[in-house]
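Text of the file query.txt, holding compact mmCIF, C-alpha atoms:
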# COMPACT_ATOMS: atom_id res chain seq x y z
CA MET A 615 0.00 0.00 0.00
CA LYS A 616 0.92 3.65 -0.31
CA LEU A 617 0.64 6.19 2.49
CA ALA A 618 1.05 9.96 2.69
CA THR A 619 0.51 12.80 5.15
CA LEU A 620 -1.74 15.78 4.46
CA LYS A 621 -0.87 19.25 5.73
CA ASP A 622 -3.47 20.25 8.34
CA GLY A 623 -1.67 22.87 10.44
CA THR A 624 -0.33 20.37 12.99
CA ARG A 625 3.17 18.99 13.38
CA ASP A 626 2.26 15.46 12.24
CA GLY A 627 -0.54 16.08 9.73
CA THR A 628 -3.34 13.68 8.77
CA LEU A 629 -2.63 10.18 7.47
CA LEU A 630 -3.75 9.43 3.91
CA VAL A 631 -4.06 6.23 1.94
CA VAL A 632 -3.05 6.82 -1.68
CA SER A 633 -4.10 4.88 -4.77
CA ARG A 634 -1.47 2.76 -6.51
CA GLY A 635 -1.37 5.14 -9.46
CA LEU A 636 -0.98 8.17 -7.15
CA GLU A 637 -4.10 9.83 -8.56
CA TYR A 638 -6.36 9.73 -5.50
CA ALA A 639 -6.14 9.85 -1.74
CA LEU A 640 -8.44 9.06 1.16
CA LYS A 641 -8.17 10.30 4.73
CA ALA A 642 -7.44 7.41 7.08
CA ASP A 643 -7.74 9.30 10.38
CA HIS A 644 -10.82 7.25 11.33
CA VAL A 645 -8.45 4.28 11.53
CA VAL A 646 -5.38 6.03 12.94
CA PRO A 647 -4.56 9.77 12.93
CA THR A 648 -0.90 9.78 11.85
CA LEU A 649 1.70 7.55 10.26
CA GLN A 650 3.71 7.42 13.47
CA ALA A 651 0.64 6.19 15.35
CA ALA A 652 0.15 3.52 12.69
CA LEU A 653 3.78 2.41 13.02
CA ASP A 654 3.40 2.23 16.80
CA ASP A 655 0.54 -0.28 16.39
CA TRP A 656 1.33 -1.71 12.96
CA GLU A 657 -0.09 -5.21 13.42
CA TYR A 658 -3.49 -3.75 14.26
CA CYS A 659 -3.53 -0.76 11.87
CA ALA A 660 -1.87 -2.17 8.75
CA PRO A 661 -4.67 -4.61 7.78
CA GLN A 662 -7.27 -1.84 8.06
CA LEU A 663 -5.17 0.56 6.02
CA GLU A 664 -4.56 -2.17 3.46
CA GLN A 665 -8.30 -2.65 3.09
CA LEU A 666 -8.77 1.07 2.45
CA PHE A 667 -5.93 1.00 -0.06
CA ASN A 668 -7.45 -1.89 -2.01
CA GLU A 669 -10.85 -0.22 -2.06
CA LEU A 670 -9.35 3.08 -3.22
CA THR A 671 -7.26 1.45 -5.92
CA ASP A 672 -10.13 -0.67 -7.25
CA LYS A 673 -12.82 2.02 -7.19
CA PRO A 674 -12.36 5.47 -5.63
CA SER A 675 -15.08 6.23 -3.07
CA SER A 676 -17.02 9.47 -2.84
CA ARG A 677 -14.70 10.48 0.02
CA ALA A 678 -11.61 10.23 -2.20
CA PHE A 679 -9.97 13.36 -3.64
CA GLU A 680 -7.25 14.09 -6.16
CA LEU A 681 -3.77 13.91 -4.67
CA ASP A 682 -1.87 17.23 -4.72
CA PRO A 683 1.81 16.82 -3.75
CA ALA A 684 1.97 20.52 -2.82
CA GLN A 685 -0.48 19.80 0.03
CA LEU A 686 1.63 17.01 1.48
CA MET A 687 4.07 16.94 4.34
CA ALA A 688 6.75 14.27 4.46
CA PRO A 689 4.97 10.92 4.99
CA LEU A 690 6.73 10.90 8.36
CA PRO A 691 7.07 14.61 9.22
CA ARG A 692 9.29 13.94 12.23
CA ALA A 693 11.06 10.70 13.06
CA TYR A 694 12.38 9.45 16.36
CA GLN A 695 15.67 8.79 14.61
CA PHE A 696 17.28 9.28 11.20
CA ALA A 697 20.42 7.22 10.61
CA ASP A 698 22.07 7.77 7.25
CA ALA A 699 24.66 5.41 5.82
CA SER A 700 27.15 5.40 2.96
CA SER A 701 26.42 2.13 1.19
CA PHE A 702 27.64 2.91 -2.33
CA LEU A 703 31.42 2.84 -2.02
CA ILE A 704 32.05 4.37 -5.45
CA HIS A 705 30.59 7.62 -4.05
CA ALA A 706 33.26 7.76 -1.34
CA GLU A 707 35.99 6.50 -3.68
CA LEU A 708 35.40 9.29 -6.18
CA ILE A 709 35.46 11.99 -3.53
CA ARG A 710 38.62 10.66 -1.89
CA LYS A 711 40.34 10.15 -5.25
CA SER A 712 39.66 13.79 -6.13
CA ARG A 713 41.55 14.65 -2.93
CA LYS A 714 44.35 12.18 -3.78
CA GLN A 715 43.36 9.97 -0.85
CA GLU A 716 42.92 6.20 -0.67
CA LEU A 717 39.75 4.56 0.60
CA PRO A 718 40.53 2.83 3.94
CA ALA A 719 40.29 -0.96 3.60
CA TRP A 720 37.88 -1.26 6.53
CA TRP A 721 35.24 0.79 4.66
CA LYS A 722 34.49 -2.32 2.58
CA ASN A 723 33.55 -4.30 5.68
CA GLU A 724 31.94 -1.84 8.08
CA PRO A 725 29.13 0.63 7.20
CA MET A 726 29.64 4.34 7.67
CA MET A 727 26.63 5.84 9.47
CA TYR A 728 25.73 9.11 11.18
CA GLN A 729 22.63 10.57 12.82
CA GLY A 730 20.94 13.14 10.61
CA CYS A 731 18.24 15.74 11.21
CA SER A 732 15.06 13.80 11.96
CA ASP A 733 12.84 16.74 12.91
CA PRO A 734 11.66 18.27 10.73
CA LEU A 735 11.64 16.13 7.61
CA LEU A 736 10.55 18.19 4.62
CA GLY A 737 7.64 17.52 2.31
CA PRO A 738 8.16 16.77 -1.39
CA ARG A 739 7.57 20.38 -2.50
CA ASP A 740 9.08 22.18 0.49
CA ALA A 741 11.92 24.56 -0.33
CA ILE A 742 15.58 23.96 0.43
CA VAL A 743 16.33 26.97 2.62
CA ALA A 744 20.03 27.72 2.99
CA SER A 745 22.67 30.26 2.02
CA GLU A 746 24.13 29.44 -1.38
CA ASP A 747 27.55 30.43 0.01
CA LEU A 748 27.49 27.19 2.03
CA GLY A 749 27.74 24.92 -1.01
CA ILE A 750 24.22 23.48 -1.21
CA ASP A 751 24.06 19.96 -2.61
CA LEU A 752 21.40 17.30 -3.08
CA GLU A 753 21.97 13.62 -2.34
CA ALA A 754 19.55 11.14 -3.93
CA GLU A 755 18.82 8.19 -1.68
CA ILE A 756 16.33 5.46 -0.92
CA ALA A 757 15.47 4.82 2.71
CA VAL A 758 13.50 2.45 4.91
CA VAL A 759 11.21 3.15 7.84
CA THR A 760 11.37 0.45 10.48
CA GLY A 761 9.06 -0.94 13.09
CA ASP A 762 10.47 -1.68 16.53
CA VAL A 763 13.90 -3.33 16.17
CA PRO A 764 15.37 -5.16 19.16
CA LEU A 765 18.86 -4.44 20.43
CA GLY A 766 21.39 -6.67 18.69
CA VAL A 767 19.03 -7.89 15.97
CA GLU A 768 20.53 -10.63 13.81
CA ARG A 769 21.17 -9.76 10.19
CA ASP A 770 18.95 -12.49 8.76
CA LYS A 771 16.03 -11.21 10.83
CA ALA A 772 16.58 -7.48 10.34
CA ALA A 773 14.69 -7.03 7.05
CA ALA A 774 11.50 -8.34 8.67
CA HIS A 775 11.36 -5.07 10.62
CA ILE A 776 11.12 -2.91 7.48
CA ARG A 777 7.66 -1.36 7.26
CA LEU A 778 8.01 1.22 4.49
CA PHE A 779 10.29 2.63 1.78
CA VAL A 780 10.68 6.30 0.81
CA LEU A 781 12.86 8.37 -1.47
CA LEU A 782 15.11 10.85 0.29
CA ASN A 783 16.88 14.04 -0.71
CA ASP A 784 19.63 14.29 1.90
CA VAL A 785 20.62 17.96 1.60
CA SER A 786 24.26 18.74 2.37
CA LEU A 787 26.07 22.03 2.91
CA ARG A 788 29.43 21.04 1.49
CA ASN A 789 31.41 24.09 2.55
CA LEU A 790 30.67 23.35 6.22
CA VAL A 791 31.73 19.69 6.08
CA PRO A 792 35.55 19.99 6.29
CA LYS A 793 35.55 22.14 9.43
CA GLU A 794 33.03 19.86 11.15
CA LEU A 795 35.02 16.73 10.32
CA GLU A 796 38.20 18.37 11.61
CA LYS A 797 36.54 18.58 15.02
CA GLY A 798 36.23 14.79 15.08
CA PHE A 799 32.59 14.85 16.14
CA GLY A 800 30.88 14.36 12.77
CA PHE A 801 28.17 16.19 10.84
CA PHE A 802 25.72 18.64 12.38
CA GLN A 803 25.39 22.11 10.84
CA SER A 804 26.34 20.71 7.43
CA LYS A 805 23.25 18.49 7.42
CA PRO A 806 20.04 20.59 7.38
CA PRO A 807 16.56 19.03 6.99
CA SER A 808 16.13 16.40 4.29
CA ALA A 809 13.03 15.87 2.14
CA LEU A 810 10.98 12.70 1.66
CA SER A 811 8.93 11.55 -1.32
CA PRO A 812 5.18 12.27 -1.46
CA VAL A 813 4.31 8.72 -0.47
CA ALA A 814 5.82 5.88 1.53
CA VAL A 815 5.21 2.37 0.20
CA THR A 816 5.14 -1.08 1.75
CA PRO A 817 7.73 -3.56 0.43
CA ASP A 818 5.16 -5.49 -1.66
CA GLU A 819 4.57 -2.37 -3.78
CA LEU A 820 8.11 -2.75 -5.12
CA GLY A 821 7.36 -6.20 -6.53
CA ALA A 822 10.32 -8.17 -7.86
CA ALA A 823 12.55 -5.09 -7.60
CA TRP A 824 12.81 -5.72 -3.84
CA ASP A 825 14.82 -8.90 -3.24
CA GLY A 826 14.70 -8.68 0.54
CA LYS A 827 17.96 -6.75 0.71
CA ARG A 828 18.12 -4.15 -2.08
CA VAL A 829 15.78 -2.24 -4.41
CA HIS A 830 16.81 -2.90 -8.00
CA LEU A 831 15.43 0.15 -9.79
CA PRO A 832 16.98 3.33 -11.23
CA LEU A 833 16.62 6.61 -9.36
CA ARG A 834 16.37 9.58 -11.73
CA ILE A 835 17.94 12.87 -10.60
CA GLU A 836 17.47 16.17 -12.40
CA VAL A 837 18.76 19.68 -11.68
CA ASN A 838 16.95 22.52 -13.45
CA GLY A 839 15.38 20.03 -15.84
CA GLU A 840 18.70 18.49 -16.91
CA LEU A 841 19.62 14.89 -16.07
CA LEU A 842 22.34 14.60 -13.42
CA GLY A 843 22.15 10.82 -13.11
CA GLU A 844 20.01 7.72 -13.14
CA PRO A 845 21.92 5.17 -11.05
CA ASN A 846 20.37 1.85 -10.04
CA ALA A 847 19.66 1.66 -6.30
CA GLY A 848 20.28 -2.09 -6.15
CA LYS A 849 23.52 -2.23 -8.07
CA ASP A 850 26.85 -1.66 -6.28
CA MET A 851 25.16 -1.28 -2.86
CA GLN A 852 27.93 -2.63 -0.64
CA PHE A 853 25.81 -2.76 2.52
CA HIS A 854 22.20 -3.86 2.02
CA PHE A 855 19.34 -2.69 4.22
CA ALA A 856 19.37 -5.70 6.55
CA ARG A 857 23.07 -5.03 7.18
CA LEU A 858 22.37 -1.35 7.86
CA ILE A 859 19.59 -2.18 10.33
CA GLU A 860 21.86 -4.68 12.07
CA HIS A 861 24.57 -2.01 12.31
CA ALA A 862 22.20 0.66 13.66
CA ALA A 863 20.78 -1.69 16.30
CA ALA A 864 24.12 -3.10 17.47
CA THR A 865 24.12 -1.13 20.73
CA ARG A 866 20.58 0.29 20.93
CA PRO A 867 17.02 -0.73 20.12
CA LEU A 868 15.34 1.17 17.30
CA ARG A 869 11.85 2.53 17.89
CA ALA A 870 9.09 2.23 15.33
CA GLY A 871 9.45 5.14 12.93
CA THR A 872 13.24 5.01 12.64
CA LEU A 873 14.44 6.20 9.21
CA ILE A 874 17.56 4.57 7.72
CA GLY A 875 19.02 5.98 4.51
CA SER A 876 21.12 4.18 1.93
CA GLY A 877 23.49 7.05 1.31
CA THR A 878 23.93 8.61 -2.13
CA VAL A 879 22.92 6.10 -4.80
CA SER A 880 25.84 5.68 -7.18
CA ASN A 881 27.10 3.09 -9.68
CA ARG A 882 30.56 2.10 -10.84
CA ASP A 883 29.34 2.44 -14.41
CA ARG A 884 29.73 6.19 -14.63
CA LYS A 885 27.49 6.31 -17.68
CA THR A 886 24.60 6.26 -15.18
CA GLY A 887 25.68 9.71 -14.01
CA ALA A 888 25.99 11.15 -10.52
CA GLY A 889 23.83 10.90 -7.42
CA CYS A 890 24.88 14.34 -6.20
CA LEU A 891 26.72 17.41 -7.44
CA PHE A 892 29.77 16.61 -5.32
CA GLU A 893 30.30 13.41 -7.34
CA ARG A 894 30.12 15.33 -10.62
CA ARG A 895 32.63 17.86 -9.28
CA ALA A 896 34.93 15.06 -8.09
CA GLU A 897 34.93 13.53 -11.58
CA GLU A 898 35.81 16.90 -13.08
CA ILE A 899 38.70 17.34 -10.65
CA ILE A 900 40.02 13.85 -11.42
CA LYS A 901 39.85 14.39 -15.20
CA LEU A 902 40.54 18.11 -15.57
CA GLY A 903 42.18 19.20 -12.33
CA GLU A 904 39.32 21.48 -11.26
CA ALA A 905 35.56 21.46 -10.82
CA SER A 906 33.31 23.48 -13.12
CA THR A 907 29.87 22.29 -11.97
CA PRO A 908 28.49 24.74 -9.37
CA PHE A 909 26.59 23.81 -6.26
CA LEU A 910 22.93 24.81 -6.06
CA LYS A 911 21.99 28.48 -6.30
CA TYR A 912 18.82 30.39 -5.36
CA GLY A 913 16.04 29.49 -7.75
CA ASP A 914 17.54 26.15 -8.77
CA THR A 915 15.19 23.15 -8.76
CA VAL A 916 16.02 19.53 -7.99
CA ARG A 917 13.81 16.58 -8.96
CA LEU A 918 13.98 12.94 -7.82
CA GLU A 919 11.81 10.07 -9.01
CA MET A 920 11.84 6.27 -9.16
CA ARG A 921 9.70 4.39 -11.68
CA ASP A 922 8.85 0.69 -11.85
CA ALA A 923 9.60 -1.64 -14.76
CA ASP A 924 6.42 -0.45 -16.50
CA GLY A 925 7.36 3.22 -16.21
CA ARG A 926 4.95 4.08 -13.40
CA SER A 927 6.03 6.42 -10.61
CA ILE A 928 6.27 4.50 -7.34
CA PHE A 929 6.81 7.21 -4.72
CA GLY A 930 5.79 10.32 -6.61
CA ILE A 931 8.25 13.15 -7.24
CA ILE A 932 10.44 15.15 -4.89
CA GLU A 933 10.70 18.60 -6.49
CA GLN A 934 12.33 21.33 -4.44
CA GLN A 935 13.49 24.85 -5.18
CA VAL A 936 16.39 26.53 -3.40
CA THR A 937 15.46 29.71 -1.54
CA ALA A 938 17.40 32.15 0.61
CA PRO A 939 16.91 32.21 4.38
CA ALA A 940 14.48 34.91 5.51
Spit out the file's structure as structure tokens when you get a sec.
Amino acid sequence: MKLATLKDGTRDGTLLVVSRGLEYALKADHVVPTLQAALDDWEYCAPQLEQLFNELTDKPSSRAFELDPAQLMAPLPRAYQFADASSFLIHAELIRKSRKQELPAWWKNEPMMYQGCSDPLLGPRDAIVASEDLGIDLEAEIAVVTGDVPLGVERDKAAAHIRLFVLLNDVSLRNLVPKELEKGFGFFQSKPPSALSPVAVTPDELGAAWDGKRVHLPLRIEVNGELLGEPNAGKDMQFHFARLIEHAAATRPLRAGTLIGSGTVSNRDRKTGAGCLFERRAEEIIKLGEASTPFLKYGDTVRLEMRDADGRSIFGIIEQQVTAPA
């Protein structure tokens, strides 16, 4: 099924069930008011939401209305935790190569992960608000939303705790990163709020593309209407989602509503393009000695979408414009 959150003036919005084709939506607050509440009691709520979804997809009821992405919050407007990984090693390899650095051998065996900004999470049409002097970049990712995950979960049991998938634009302020890393305490100011896709989908909506570990579909990324990349989210993913959940839960339990990102989707076949502007710039430095691609400026628009094998949009479109802080 597909779920979204309608803007209603509150912090957590109103839960919607969305038709498979993303045309229509139906308020589900008579079942459960918010997505977080549904995740907290998933075994009870999910079957009722699934019934609404099937009814809406088969024949829209009189209570259904056309879905308008501009009226949506993030499916999960605030999460108890957002843990973001770096699962596509070619992303890190390119960046380090542009700096004439080697990739440490242990990176191939142990996931990199940090805690990102989990409150707020932006809606699919919300602006990216930051000073362009800070080096604004997009990072195209796919992420999972978990149910409750026990401390020390075993890898072969971890995927069973995945409730939903979303697309994620993990915004980065590149010019702040070096100074923060020098402090040895990791990212904070360089990682402002990220945006989620219009809808979150259950694993069955991905069909054969979801193999229980990875999502084998291309993620299309555009900047100002021009293609930046279309890498496959299942190819070259060094650490699959079960491994990431295992890593995140190694020393702590994860509460229902935890968001875990894949990191920038990137492929070794560079014909698929880049998953972020930093990758494109790294390639330019490696080949030409300097970067010519700029970071995002005021008025620029980024667009992320994933389609199934039949060309149908799965999550809807993240489309954000960069604006200056007030």
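Counting only C-alpha atoms, the residue from A:Ala693, A:Ala822, A:Arg769, A:Gly749 that sits nearest to Asn789 (chain A) is A:Gly749.
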| message | Just want the 12 Å neighbourhood of Val763 (chain A), counted on only C-alpha atoms, with same-chain residues fewer than 6 positions away dropped. Output as a VMD selection string. | response | chain A and resid 654 769 771 to 777 856 859 to 873
| request: Take the point (-3.0, 10.5, 15.0) in the file's coordinates, draw a sphere of radius 12 Å around it, and report as a ChimeraX atom specification every protein, DNA or RNA residue with an atom inside or on it, counting all atoms listed in the file. | output: /A:619-620,622,624-630,641-655,659,690
| request: Report the distance between CA of Pro674 (chain A) and CA of Tyr638 (chain A) in Å, rounded to one decimal place. | output: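 Taking CA of Pro674 (chain A) as the start and CA of Tyr638 (chain A) as the end point, the length is 7.4 Å.
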| task | Can you pull out every residue within 7 Å of Leu617 (chain A), counting all atoms listed in the file, but drop anything in the same chain fewer than 4 positions away, and send it as a list in words? | result |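 What passes the distance filter is Leu630, Val631, Val632, Pro689, Val813, Ala814 and Val815 of chain A.
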